>>> print(open('model.txt').read())   # compact mmCIF, C-alpha atoms
# COMPACT_ATOMS: atom_id res chain seq x y z
CA MET A 1 -118.38 -67.98 97.63
CA HIS A 2 -116.55 -71.16 98.66
CA TRP A 3 -114.35 -70.51 101.71
CA GLY A 4 -112.00 -73.37 100.94
CA ASN A 5 -111.25 -72.04 97.48
CA THR A 6 -110.73 -68.55 98.87
CA VAL A 7 -108.17 -69.77 101.42
CA ALA A 8 -106.49 -71.90 98.75
CA VAL A 9 -106.15 -68.84 96.49
CA GLY A 10 -104.59 -66.99 99.43
CA PHE A 11 -102.03 -69.76 99.93
CA ARG A 12 -101.22 -69.84 96.22
CA GLU A 13 -100.65 -66.10 96.21
CA ILE A 14 -98.30 -66.40 99.19
CA TRP A 15 -96.46 -69.33 97.57
CA ALA A 16 -96.06 -67.45 94.32
CA HIS A 17 -94.13 -64.71 96.14
CA LYS A 18 -92.33 -66.74 98.77
CA PHE A 19 -89.48 -64.38 99.59
CA ARG A 20 -91.72 -61.33 99.78
CA SER A 21 -94.21 -63.22 101.94
CA VAL A 22 -91.49 -64.34 104.36
CA LEU A 23 -90.26 -60.78 104.77
CA THR A 24 -93.85 -59.67 105.33
CA MET A 25 -94.36 -62.30 108.02
CA LEU A 26 -91.11 -61.47 109.77
CA GLY A 27 -92.63 -58.68 111.84
CA ILE A 28 -95.46 -60.99 112.99
CA ILE A 29 -93.01 -63.82 113.73
CA LEU A 30 -90.80 -61.59 115.89
CA GLY A 31 -93.77 -60.00 117.63
CA VAL A 32 -95.41 -63.32 118.53
CA SER A 33 -92.15 -64.98 119.60
CA SER A 34 -91.11 -62.00 121.72
CA LEU A 35 -94.52 -61.89 123.40
CA VAL A 36 -94.39 -65.60 124.28
CA ALA A 37 -90.74 -65.41 125.37
CA MET A 38 -91.40 -62.34 127.53
CA SER A 39 -94.35 -64.09 129.15
CA ALA A 40 -92.23 -67.20 129.80
CA LEU A 41 -89.49 -65.19 131.51
CA ILE A 42 -91.99 -63.34 133.69
CA LYS A 43 -93.80 -66.57 134.60
CA GLY A 44 -90.50 -68.09 135.67
CA MET A 45 -89.74 -65.02 137.75
CA GLU A 46 -93.19 -65.20 139.36
CA ASN A 47 -92.74 -68.88 140.21
CA GLY A 48 -89.35 -68.16 141.75
CA MET A 49 -90.66 -65.31 143.91
CA LYS A 50 -93.54 -67.43 145.21
CA GLU A 51 -91.18 -70.35 145.80
CA ALA A 52 -88.91 -68.12 147.88
CA LEU A 53 -91.86 -66.70 149.81
CA ILE A 54 -92.99 -70.18 150.77
CA ALA A 55 -89.42 -71.22 151.67
CA LEU A 56 -89.19 -68.37 154.18
CA GLY A 57 -92.27 -69.45 156.11
CA GLY A 58 -95.38 -69.30 153.95
CA LEU A 59 -98.31 -66.93 153.71
CA ASP A 60 -99.55 -67.49 157.26
CA LYS A 61 -96.36 -66.11 158.83
CA VAL A 62 -96.56 -62.72 160.54
CA LEU A 63 -93.57 -60.73 161.78
CA LEU A 64 -93.81 -58.63 164.92
CA ARG A 65 -91.65 -55.56 164.32
CA ASP A 66 -90.58 -52.54 166.35
CA GLN A 67 -91.91 -49.17 165.28
CA GLU A 68 -91.52 -45.58 166.35
CA ILE A 69 -93.61 -44.62 169.35
CA PRO A 70 -96.63 -42.54 168.25
CA VAL A 71 -96.29 -38.79 168.72
CA HIS A 72 -98.99 -38.65 171.37
CA GLN A 73 -97.01 -41.22 173.44
CA HIS A 74 -93.56 -39.65 173.21
CA HIS A 75 -93.70 -38.75 176.89
CA LEU A 76 -93.82 -42.49 177.66
CA ALA A 77 -90.74 -43.36 175.61
CA ASP A 78 -88.64 -44.22 178.67
CA GLN A 79 -91.24 -46.82 179.67
CA ALA A 80 -91.17 -48.70 176.35
CA VAL A 81 -89.86 -52.21 176.96
CA GLY A 82 -89.64 -53.43 173.36
CA ARG A 83 -90.19 -57.06 172.41
CA THR A 84 -89.43 -59.41 175.30
CA ILE A 85 -90.03 -63.01 176.30
CA HIS A 86 -93.04 -61.82 178.32
CA ASP A 87 -94.75 -60.98 175.02
CA VAL A 88 -94.14 -64.53 173.84
CA TYR A 89 -95.69 -66.15 176.92
CA ALA A 90 -98.62 -63.71 176.85
CA LEU A 91 -99.36 -64.47 173.20
CA LYS A 92 -99.10 -68.23 173.78
CA ASN A 93 -101.50 -68.09 176.74
CA SER A 94 -103.99 -65.37 175.72
CA ALA A 95 -104.19 -65.33 171.90
CA PRO A 96 -105.85 -68.59 170.76
CA LEU A 97 -106.04 -67.40 167.12
CA ILE A 98 -102.21 -67.39 167.08
CA ARG A 99 -101.24 -71.05 166.70
CA LEU A 100 -97.46 -70.65 166.86
CA VAL A 101 -95.10 -68.14 168.45
CA SER A 102 -91.35 -68.20 167.83
CA PRO A 103 -89.01 -65.82 169.69
CA GLU A 104 -85.64 -65.02 168.12
CA MET A 105 -82.49 -63.34 169.38
CA ALA A 106 -80.07 -62.63 166.57
CA LEU A 107 -76.43 -61.67 166.74
CA GLU A 108 -74.57 -59.88 163.95
CA ARG A 109 -70.88 -60.01 163.02
CA VAL A 110 -70.51 -63.70 163.86
CA GLN A 111 -67.73 -65.92 162.60
CA PHE A 112 -67.52 -69.72 162.67
CA THR A 113 -63.97 -71.12 162.60
CA ARG A 114 -62.47 -74.60 162.49
CA ARG A 115 -58.88 -75.59 161.71
CA GLY A 116 -58.07 -72.40 159.86
CA LYS A 117 -61.34 -72.27 157.90
CA SER A 118 -63.96 -69.66 158.64
CA VAL A 119 -67.42 -68.64 157.48
CA ARG A 120 -69.93 -65.95 158.35
CA PRO A 121 -73.48 -67.30 158.57
CA SER A 122 -76.38 -65.47 156.97
CA GLU A 123 -78.24 -65.78 160.28
CA PHE A 124 -77.02 -66.65 163.75
CA VAL A 125 -80.05 -66.80 166.00
CA GLY A 126 -81.09 -68.02 169.42
CA VAL A 127 -84.39 -69.83 169.03
CA TRP A 128 -86.95 -72.23 170.41
CA PRO A 129 -87.86 -75.47 168.60
CA ALA A 130 -90.95 -73.64 167.23
CA VAL A 131 -88.63 -72.08 164.63
CA LEU A 132 -88.56 -75.35 162.68
CA GLN A 133 -92.25 -75.10 161.87
CA MET A 134 -92.18 -71.32 161.64
CA ASN A 135 -89.47 -71.18 158.95
CA LEU A 136 -90.26 -74.57 157.40
CA HIS A 137 -86.89 -76.11 158.27
CA GLU A 138 -86.22 -79.82 157.82
CA LEU A 139 -83.79 -81.36 160.31
CA LYS A 140 -82.06 -84.09 158.28
CA HIS A 141 -79.33 -85.21 160.68
CA GLY A 142 -79.01 -85.22 164.46
CA ARG A 143 -81.42 -83.50 166.81
CA PHE A 144 -82.73 -80.10 167.73
CA PHE A 145 -82.52 -78.39 171.10
CA THR A 146 -84.10 -79.90 174.21
CA ASP A 147 -85.43 -78.30 177.37
CA LEU A 148 -82.17 -79.30 179.03
CA ASP A 149 -80.17 -77.37 176.43
CA GLU A 150 -82.39 -74.35 177.00
CA ASP A 151 -82.33 -74.48 180.80
CA ASN A 152 -78.57 -75.02 181.07
CA ALA A 153 -77.66 -72.69 178.18
CA ASN A 154 -75.66 -75.50 176.61
CA SER A 155 -73.12 -74.65 173.92
CA VAL A 156 -74.78 -76.58 171.12
CA CYS A 157 -75.77 -75.49 167.62
CA VAL A 158 -77.64 -76.66 164.54
CA ILE A 159 -76.24 -75.56 161.18
CA GLY A 160 -77.18 -75.46 157.51
CA THR A 161 -75.36 -77.29 154.75
CA GLY A 162 -73.68 -74.11 153.53
CA ILE A 163 -71.80 -73.73 156.80
CA ARG A 164 -70.91 -77.44 156.73
CA ASP A 165 -69.53 -77.09 153.21
CA GLU A 166 -67.31 -74.14 154.17
CA LEU A 167 -65.87 -75.73 157.31
CA PHE A 168 -65.81 -79.46 156.54
CA GLY A 169 -66.01 -79.66 152.74
CA SER A 170 -68.88 -80.03 150.30
CA PRO A 171 -69.97 -83.38 148.81
CA GLU A 172 -68.52 -82.28 145.47
CA GLU A 173 -65.11 -81.76 147.11
CA THR A 174 -65.01 -84.82 149.37
CA GLY A 175 -66.92 -87.27 147.19
CA CYS A 176 -69.35 -88.07 149.99
CA GLU A 177 -71.67 -86.19 152.30
CA ILE A 178 -70.04 -85.25 155.59
CA VAL A 179 -72.33 -85.16 158.63
CA PRO A 180 -70.37 -83.26 161.31
CA LEU A 181 -72.47 -84.30 164.32
CA GLY A 182 -70.49 -84.02 167.56
CA GLU A 183 -67.80 -81.88 165.93
CA LYS A 184 -66.54 -78.76 167.67
CA VAL A 185 -66.54 -75.32 166.06
CA LEU A 186 -65.60 -71.93 167.43
CA ILE A 187 -68.31 -69.25 167.32
CA ASN A 188 -66.65 -65.92 168.01
CA ASN A 189 -63.89 -67.98 169.70
CA MET A 190 -66.38 -69.82 171.94
CA PRO A 191 -66.46 -73.63 171.54
CA PHE A 192 -69.79 -75.11 170.42
CA THR A 193 -70.83 -78.66 169.55
CA ILE A 194 -72.82 -79.38 166.39
CA VAL A 195 -75.83 -81.52 167.34
CA GLY A 196 -77.90 -81.23 164.17
CA MET A 197 -77.84 -80.26 160.51
CA PHE A 198 -80.64 -79.13 158.22
CA ALA A 199 -81.46 -80.56 154.81
CA HIS A 200 -79.97 -78.86 151.80
CA TYR A 201 -82.36 -76.26 150.37
CA GLU A 202 -82.40 -75.34 146.71
CA SER A 203 -84.70 -73.78 144.17
CA GLU A 204 -86.30 -75.82 141.43
CA ASN A 205 -83.94 -74.27 138.90
CA GLU A 206 -80.87 -75.08 140.97
CA ARG A 207 -82.08 -78.67 141.48
CA LYS A 208 -82.48 -79.17 137.72
CA ARG A 209 -79.05 -77.68 137.09
CA ARG A 210 -77.48 -80.00 139.67
CA GLU A 211 -79.21 -83.09 138.27
CA PHE A 212 -78.13 -82.12 134.76
CA ALA A 213 -74.52 -81.79 135.90
CA GLN A 214 -74.64 -85.15 137.67
CA ALA A 215 -76.00 -86.81 134.52
CA GLN A 216 -73.02 -85.68 132.43
CA PRO A 217 -70.46 -88.42 131.70
CA ASN A 218 -67.68 -85.89 132.26
CA PRO A 219 -68.62 -83.43 135.02
CA GLY A 220 -65.69 -81.23 134.13
CA ALA A 221 -67.19 -80.58 130.70
CA THR A 222 -70.37 -78.94 131.95
CA ASN A 223 -68.89 -75.42 131.60
CA GLY A 224 -69.76 -74.43 135.14
CA VAL A 225 -73.26 -75.84 135.15
CA ALA A 226 -72.58 -77.65 138.42
CA ARG A 227 -72.04 -75.26 141.24
CA ARG A 228 -70.59 -75.81 144.60
CA ARG A 229 -73.54 -77.16 146.51
CA GLY A 230 -73.29 -74.93 149.54
CA SER A 231 -72.92 -71.72 147.56
CA GLY A 232 -76.50 -71.84 146.37
CA ASP A 233 -78.17 -69.36 144.07
CA ARG A 234 -78.09 -65.77 145.29
CA GLY A 235 -80.52 -64.29 142.82
CA ARG A 236 -83.90 -62.82 143.66
CA SER A 237 -85.45 -66.14 144.52
CA GLY A 238 -82.33 -68.27 145.14
CA TRP A 239 -81.32 -65.88 147.89
CA ALA A 240 -83.97 -67.38 150.19
CA PHE A 241 -82.50 -70.87 149.86
CA TRP A 242 -78.93 -69.61 150.22
CA ARG A 243 -79.97 -67.84 153.41
CA LYS A 244 -81.48 -71.01 154.87
CA ASN A 245 -78.38 -73.05 153.98
CA TYR A 246 -76.16 -70.58 155.81
CA THR A 247 -78.34 -70.38 158.92
CA ALA A 248 -77.08 -71.42 162.36
CA TYR A 249 -79.26 -71.76 165.47
CA VAL A 250 -78.41 -71.99 169.16
CA PRO A 251 -80.79 -72.27 172.14
CA LEU A 252 -82.42 -68.96 173.01
CA ASN A 253 -81.08 -68.99 176.57
CA THR A 254 -77.59 -69.75 175.26
CA MET A 255 -77.72 -66.65 173.11
CA TRP A 256 -78.75 -64.53 176.11
CA VAL A 257 -76.17 -65.89 178.53
CA ARG A 258 -73.13 -66.39 176.31
CA PHE A 259 -73.46 -63.57 173.78
CA ARG A 260 -75.84 -60.90 175.05
CA SER A 261 -74.88 -60.63 178.69
CA ALA A 262 -71.99 -58.31 177.91
CA SER A 263 -74.29 -55.94 176.00
CA GLY A 264 -76.23 -54.94 179.09
CA SER A 265 -74.89 -52.09 181.18
CA SER A 266 -75.43 -54.06 184.42
CA GLY A 267 -73.82 -57.24 183.07
CA ILE A 268 -77.03 -59.29 182.84
CA PRO A 269 -78.58 -60.77 179.70
CA ASP A 270 -80.39 -58.26 177.52
CA PRO A 271 -84.10 -59.24 177.69
CA ARG A 272 -85.05 -57.71 174.35
CA LEU A 273 -85.72 -60.00 171.40
CA SER A 274 -84.68 -59.35 167.82
CA ASP A 275 -87.87 -60.85 166.38
CA ILE A 276 -91.10 -62.49 167.36
CA ASP A 277 -92.62 -64.49 164.52
CA LEU A 278 -96.24 -65.60 164.56
CA LYS A 279 -98.38 -68.02 162.61
CA VAL A 280 -102.11 -67.52 162.56
CA ALA A 281 -104.60 -70.36 162.92
CA SER A 282 -106.14 -69.56 159.54
CA LEU A 283 -105.59 -67.00 156.79
CA GLU A 284 -109.35 -66.35 156.82
CA LEU A 285 -108.97 -65.23 160.44
CA LEU A 286 -105.89 -63.07 159.84
CA GLU A 287 -107.42 -59.74 160.84
CA PRO A 288 -109.14 -61.05 164.04
CA ALA A 289 -105.92 -62.87 164.97
CA LEU A 290 -103.82 -59.72 164.58
CA GLN A 291 -106.35 -57.69 166.57
CA GLN A 292 -106.26 -60.32 169.30
CA ALA A 293 -102.45 -60.25 169.35
CA ARG A 294 -102.49 -56.45 169.44
CA ASN A 295 -104.80 -56.43 172.45
CA VAL A 296 -102.47 -58.79 174.31
CA LEU A 297 -99.35 -56.80 173.43
CA MET A 298 -100.92 -53.50 174.46
CA ILE A 299 -101.18 -54.96 177.95
CA THR A 300 -97.60 -56.27 178.10
CA HIS A 301 -96.31 -53.00 176.63
CA HIS A 302 -98.24 -50.89 179.19
CA GLY A 303 -100.40 -49.29 176.50
CA ILE A 304 -97.40 -48.10 174.45
CA GLU A 305 -97.80 -48.99 170.78
CA ASP A 306 -94.13 -49.43 169.90
CA PHE A 307 -94.78 -52.47 167.71
CA THR A 308 -96.40 -53.31 164.38
CA PHE A 309 -97.28 -56.39 162.36
CA GLN A 310 -95.76 -57.24 159.00
CA THR A 311 -97.78 -59.81 157.05
CA GLN A 312 -96.85 -61.73 153.95
CA GLU A 313 -99.81 -60.18 152.16
CA GLY A 314 -97.62 -57.17 151.50
CA ALA A 315 -94.99 -59.41 149.92
CA VAL A 316 -97.64 -61.10 147.78
CA GLU A 317 -98.94 -57.70 146.66
CA ASN A 318 -95.41 -56.62 145.80
CA ILE A 319 -94.98 -59.77 143.71
CA HIS A 320 -98.25 -59.17 141.90
CA THR A 321 -97.34 -55.51 141.29
CA ALA A 322 -93.89 -56.37 139.93
CA ILE A 323 -95.30 -59.10 137.68
CA HIS A 324 -98.10 -56.84 136.44
CA ASN A 325 -95.67 -54.03 135.61
CA ALA A 326 -93.31 -56.43 133.83
CA ARG A 327 -96.15 -57.89 131.79
CA MET A 328 -97.45 -54.46 130.86
CA SER A 329 -94.06 -53.16 129.74
CA GLY A 330 -93.20 -56.37 127.88
CA GLY A 331 -96.67 -56.53 126.33
CA ILE A 332 -96.39 -52.98 125.03
CA ILE A 333 -93.03 -53.71 123.42
CA SER A 334 -94.39 -56.91 121.84
CA ALA A 335 -97.53 -55.09 120.69
CA ILE A 336 -95.35 -52.51 118.92
CA SER A 337 -93.54 -55.36 117.15
CA LEU A 338 -96.87 -56.81 116.04
CA LEU A 339 -98.02 -53.35 114.92
CA VAL A 340 -94.91 -52.99 112.78
CA GLY A 341 -95.64 -56.42 111.34
CA GLY A 342 -99.21 -55.34 110.57
CA ILE A 343 -97.97 -52.26 108.74
CA GLY A 344 -95.72 -54.52 106.69
CA ILE A 345 -98.67 -56.75 105.78
CA MET A 346 -100.77 -53.72 104.78
CA ASN A 347 -97.96 -52.35 102.64
CA ILE A 348 -97.42 -55.66 100.83
CA MET A 349 -101.16 -56.18 100.31
CA LEU A 350 -101.48 -52.72 98.76
CA ALA A 351 -98.56 -53.53 96.45
CA SER A 352 -100.18 -56.86 95.62
CA ILE A 353 -103.45 -55.16 94.66
CA THR A 354 -101.57 -52.83 92.34
CA GLU A 355 -100.05 -55.87 90.61
CA ARG A 356 -103.45 -57.62 90.36
CA ILE A 357 -105.67 -54.76 89.15
CA ARG A 358 -106.42 -56.44 85.79
CA GLU A 359 -107.08 -59.77 87.56
CA ILE A 360 -109.56 -58.07 89.89
CA GLY A 361 -111.17 -56.31 86.92
CA ILE A 362 -111.60 -59.62 85.07
CA ARG A 363 -113.12 -61.29 88.14
CA LYS A 364 -115.61 -58.46 88.55
CA ALA A 365 -116.45 -58.51 84.84
CA ILE A 366 -117.38 -62.21 84.97
CA GLY A 367 -119.58 -61.81 88.03
CA ALA A 368 -117.47 -61.57 91.20
CA THR A 369 -119.26 -59.46 93.79
CA THR A 370 -117.76 -56.59 95.77
CA SER A 371 -118.01 -58.61 98.97
CA ALA A 372 -116.23 -61.58 97.35
CA ILE A 373 -113.28 -59.38 96.32
CA PHE A 374 -113.23 -57.78 99.77
CA LEU A 375 -113.17 -61.15 101.56
CA GLN A 376 -110.55 -62.54 99.17
CA ILE A 377 -108.04 -59.80 99.98
CA LEU A 378 -108.91 -59.85 103.69
CA ILE A 379 -108.46 -63.62 103.92
CA GLU A 380 -105.07 -63.39 102.18
CA SER A 381 -103.98 -60.85 104.78
CA VAL A 382 -105.22 -63.04 107.64
CA VAL A 383 -103.53 -66.13 106.16
CA ILE A 384 -100.19 -64.31 106.08
CA ALA A 385 -100.66 -63.23 109.70
CA LEU A 386 -101.70 -66.70 110.88
CA ILE A 387 -98.78 -68.40 109.18
CA GLY A 388 -96.51 -65.80 110.78
CA GLY A 389 -98.21 -66.48 114.13
CA VAL A 390 -97.61 -70.23 113.91
CA ALA A 391 -93.99 -69.63 112.91
CA GLY A 392 -93.65 -67.19 115.80
CA LEU A 393 -94.94 -69.77 118.29
CA ALA A 394 -92.40 -72.27 117.01
CA MET A 395 -89.64 -69.66 117.14
CA SER A 396 -90.55 -68.71 120.72
CA TYR A 397 -89.19 -72.03 122.03
CA GLY A 398 -85.83 -71.37 120.45
CA MET A 399 -85.84 -67.76 121.65
CA VAL A 400 -86.55 -68.79 125.25
CA HIS A 401 -83.70 -71.32 125.12
CA LEU A 402 -81.37 -68.73 123.60
CA LEU A 403 -82.23 -66.17 126.28
CA ALA A 404 -81.62 -68.76 128.99
CA VAL A 405 -78.15 -69.44 127.53
CA LEU A 406 -77.11 -65.84 126.82
CA SER A 407 -78.64 -64.27 129.91
CA PRO A 408 -79.25 -66.92 132.59
CA THR A 409 -81.87 -66.03 135.18
CA ASP A 410 -82.57 -67.44 138.63
CA ASN A 411 -85.69 -69.19 137.40
CA THR A 412 -86.43 -71.41 134.44
CA PRO A 413 -88.70 -69.64 131.90
CA VAL A 414 -92.11 -71.27 131.61
CA ILE A 415 -94.02 -71.09 128.31
CA THR A 416 -97.74 -71.14 129.09
CA LEU A 417 -100.67 -72.08 126.87
CA GLU A 418 -102.39 -68.82 127.83
CA ALA A 419 -99.50 -66.73 126.50
CA MET A 420 -99.43 -68.71 123.25
CA LEU A 421 -103.18 -68.26 122.73
CA VAL A 422 -102.97 -64.53 123.42
CA ALA A 423 -100.03 -64.07 121.05
CA PHE A 424 -101.70 -66.08 118.28
CA SER A 425 -104.97 -64.18 118.74
CA PHE A 426 -103.11 -60.89 118.46
CA SER A 427 -101.50 -62.02 115.23
CA ALA A 428 -104.93 -62.88 113.80
CA CYS A 429 -106.32 -59.48 114.86
CA VAL A 430 -103.33 -57.73 113.28
CA GLY A 431 -103.98 -59.62 110.03
CA ILE A 432 -107.62 -58.54 110.01
CA VAL A 433 -106.88 -54.89 110.77
CA ALA A 434 -103.98 -54.74 108.30
CA GLY A 435 -106.12 -56.23 105.52
CA LEU A 436 -109.10 -53.90 105.87
CA ILE A 437 -107.74 -50.94 103.88
CA PRO A 438 -106.33 -53.05 101.01
CA ALA A 439 -109.57 -55.06 100.90
CA PHE A 440 -111.70 -51.91 100.73
CA LYS A 441 -109.47 -50.51 97.99
CA ALA A 442 -109.68 -53.72 95.95
CA ALA A 443 -113.45 -54.05 96.40
CA ARG A 444 -114.09 -50.49 95.21
CA LEU A 445 -112.14 -50.84 91.94
CA ASP A 446 -114.18 -50.05 88.84
CA PRO A 447 -114.03 -53.11 86.54
CA ILE A 448 -113.83 -51.03 83.34
CA GLN A 449 -110.94 -48.91 84.65
CA ALA A 450 -109.27 -52.07 86.02
CA LEU A 451 -109.42 -53.80 82.62
CA ARG A 452 -107.77 -50.76 80.98
CA TYR A 453 -104.90 -50.86 83.50
CA ASP A 454 -101.61 -51.87 81.94
>>> encode(input="model.txt", output="structure tokens")
Amino acid sequence: MHWGNTVAVGFREIWAHKFRSVLTMLGIILGVSSLVAMSALIKGMENGMKEALIALGGLDKVLLRDQEIPVHQHHLADQAVGRTIHDVYALKNSAPLIRLVSPEMALERVQFTRRGKSVRPSEFVGVWPAVLQMNLHELKHGRFFTDLDEDNANSVCVIGTGIRDELFGSPEETGCEIVPLGEKVLINNMPFTIVGMFAHYESENERKRREFAQAQPNPGATNGVARRRGSGDRGRSGWAFWRKNYTAYVPLNTMWVRFRSASGSSGIPDPRLSDIDLKVASLELLEPALQQARNVLMITHHGIEDFTFQTQEGAVENIHTAIHNARMSGGIISAISLLVGGIGIMNIMLASITERIREIGIRKAIGATTSAIFLQILIESVVIALIGGVAGLAMSYGMVHLLAVLSPTDNTPVITLEAMLVAFSFSACVGIVAGLIPAFKAARLDPIQALRYD
């Protein structure tokens, strides 16, 4: 049997019944396109989650958190000191596997005001300069805090572009970028001087959207594509960049003296820290580094284990779990679509055999073997499935674009070669499985009975 002739016969049969063949392929086309589109959306979501995770400090960042005192230490509860600056100095001096330590003192319910405009930052924190490397901040204008600012508790602050946009105007509103260095703002009615401003942070999707809006000859005709720059993208991944743009930092000692002193019952600054962030020397040494830090903290905390470590590994595992679940659920739905398409192919092939009984009888009478008939029908089924698979791959690009327009997500969908290969392979498998029963039926026809069929 000549394979080329067999495939050509399959194409001729499909071409002879064009409308029926298109309807038969429709299930395969929708199944393949939905599988590729689903994979593209999930890949975009995965990229966005990882992008946000890196923006908030990277995989080597470890958070030192408070935890409930163990039951067997409840009698020592009044001796628990919590996280203090003594922990920071102890970790810096006695934990060589911890390469960076950043203390933080946060204050909630904060309001920045200037000339009748106000804004609430996402974070208002007293910090050391180590926070720049810890949270991967880029200081674009001005300076950060000096030892003199820390020692004298100077009323200086460094802000993100979101706060600048709210108080001084965004570049889209003013036509130029305002750099408010040296300007005064009121923080909870206390005057502070802006000495630095961070770079503007944005996700890859937001950057593309902004560049697209800037490229338009008439920005007003972009139907809302261009957003106000400081507002950012508050979706699952864009939230990380929005948070960084609305961050404001002051020196750690300034936070203690000017904002936390009133919180203590004796009128002195509260020594407890809101957070202590760590960065390990190497991810390969994560466990030894955490054990080393734990040993140091058990000494400073007088043996009371009122602390715990939160690593980014948990966030990575959560991302992998969410992506896995989304792929499984989407894959099952797409597989059902392909299964429905396979049933359609089987149904049409059975109908086609009924129409071609005399033809099959004649072919057998002049010498066609059972295997030749079997392969002929099977190849026709596979050809239908493969054509539907190719059409589905082409349709997936349009479907992804349509989904992005009708239901915009925080992240641009990414069509991957792996997803296309998997979808196309599934379509081929569906064609093989769907053609088996019709092929067996055709191959087992008795030539004498087939020739009598009218």
>>> residues_near_point(input="model.txt", point="(-108.5, -67.1, 159.3)", cutoff="12 Å", atoms="only C-alpha atoms", output="ChimeraX atom specification")
/A:59-60,96-99,279-290
>>> closest_residue(input="model.txt", among="A:Leu26, A:Val390, A:Ala40, A:Leu338", to="Phe426 of chain A", atoms="all atoms listed in the file")
A:Leu338
>>> closest_residue(input="model.txt", among="A:Ile345, A:Ile163, A:Val101, A:Leu278", to="Thr311 of chain A", atoms="all atoms listed in the file")
A:Leu278
>>> closest_residue(input="model.txt", among="A:Val250, A:Ala95, A:Ile194, A:Ile178", to="Val125 of chain A", atoms="all atoms listed in the file")
A:Val250
>>> residues_around(input="model.txt", residues="Leu136 of chain A", least_positions_apart="4", cutoff="10 Å", atoms="all atoms listed in the file", output="ChimeraX atom specification")
/A:54-58,130-132,244
>>> residues_around(input="model.txt", residues="Val195 of chain A", least_positions_apart="2", cutoff="8 Å", atoms="all atoms listed in the file", output="list in words")
Gly142, Arg143, Phe144, Val156, Cys157, Val158, Leu181, Gly182, Thr193 and Met197 of chain A
>>> residues_near_point(input="model.txt", point="(-104.3, -69.8, 121.8)", cutoff="12 Å", atoms="all atoms listed in the file", output="list in words")
Val32, Val36, Leu386, Gly389, Val390, Leu393, Thr416, Leu417, Glu418, Ala419, Met420, Leu421, Val422, Ala423, Phe424, Ser425, Phe426, Ser427 and Ala428 of chain A
>>> closest_residue(input="model.txt", among="A:Gln449, A:Asn189, A:Gln73, A:Ser33", to="Lys364 of chain A", atoms="all atoms listed in the file")
A:Gln449
>>> atom_distance(input="model.txt", atom1="atom CA of Leu100 of chain A", atom2="atom CA of Tyr249 of chain A")
18.3 Å
>>> residues_around(input="model.txt", residues="His86 of chain A", least_positions_apart="2", cutoff="10 Å", atoms="only C-alpha atoms", output="ChimeraX atom specification")
/A:83-84,88-92,271-272,297,300-301
>>> atom_distance(input="model.txt", atom1="atom CA of Glu138 of chain A", atom2="atom CA of Gly116 of chain A")
29.2 Å
>>> decode(input="model.txt", residues="segment 90-125 of chain A", atoms="C-alpha atoms", output="CSV table (one decimal), in the first residue's frame")
chain,number,residue,atom,x,y,z
A,90,ALA,CA,23.0,40.1,67.5
A,91,LEU,CA,22.2,38.6,64.0
A,92,LYS,CA,24.6,41.0,62.3
A,93,ASN,CA,27.5,40.1,64.7
A,94,SER,CA,26.8,36.4,65.3
A,95,ALA,CA,25.1,34.9,62.3
A,96,PRO,CA,27.6,34.9,59.3
A,97,LEU,CA,25.3,32.9,57.1
A,98,ILE,CA,22.8,35.9,57.2
A,99,ARG,CA,24.3,38.4,54.8
A,100,LEU,CA,21.8,41.2,55.4
A,101,VAL,CA,19.5,42.3,58.2
A,102,SER,CA,16.9,45.0,57.8
A,103,PRO,CA,14.9,46.2,60.9
A,104,GLU,CA,11.5,47.9,60.2
A,105,MET,CA,9.1,49.9,62.4
A,106,ALA,CA,5.8,50.4,60.6
A,107,LEU,CA,3.0,52.8,61.5
A,108,GLU,CA,-0.6,52.4,60.3
A,109,ARG,CA,-3.3,55.0,59.7
A,110,VAL,CA,-0.8,57.5,58.2
A,111,GLN,CA,-1.8,60.4,56.0
A,112,PHE,CA,0.4,62.6,53.9
A,113,THR,CA,-1.0,66.1,53.1
A,114,ARG,CA,0.2,69.1,51.1
A,115,ARG,CA,-1.8,72.1,50.0
A,116,GLY,CA,-5.2,70.4,50.4
A,117,LYS,CA,-4.2,67.1,48.8
A,118,SER,CA,-3.8,64.0,50.8
A,119,VAL,CA,-2.8,60.4,50.3
A,120,ARG,CA,-2.5,57.3,52.5
A,121,PRO,CA,0.7,55.3,51.7
A,122,SER,CA,0.6,51.5,51.3
A,123,GLU,CA,3.6,51.4,53.8
A,124,PHE,CA,5.0,54.0,56.1
A,125,VAL,CA,8.1,52.4,57.7
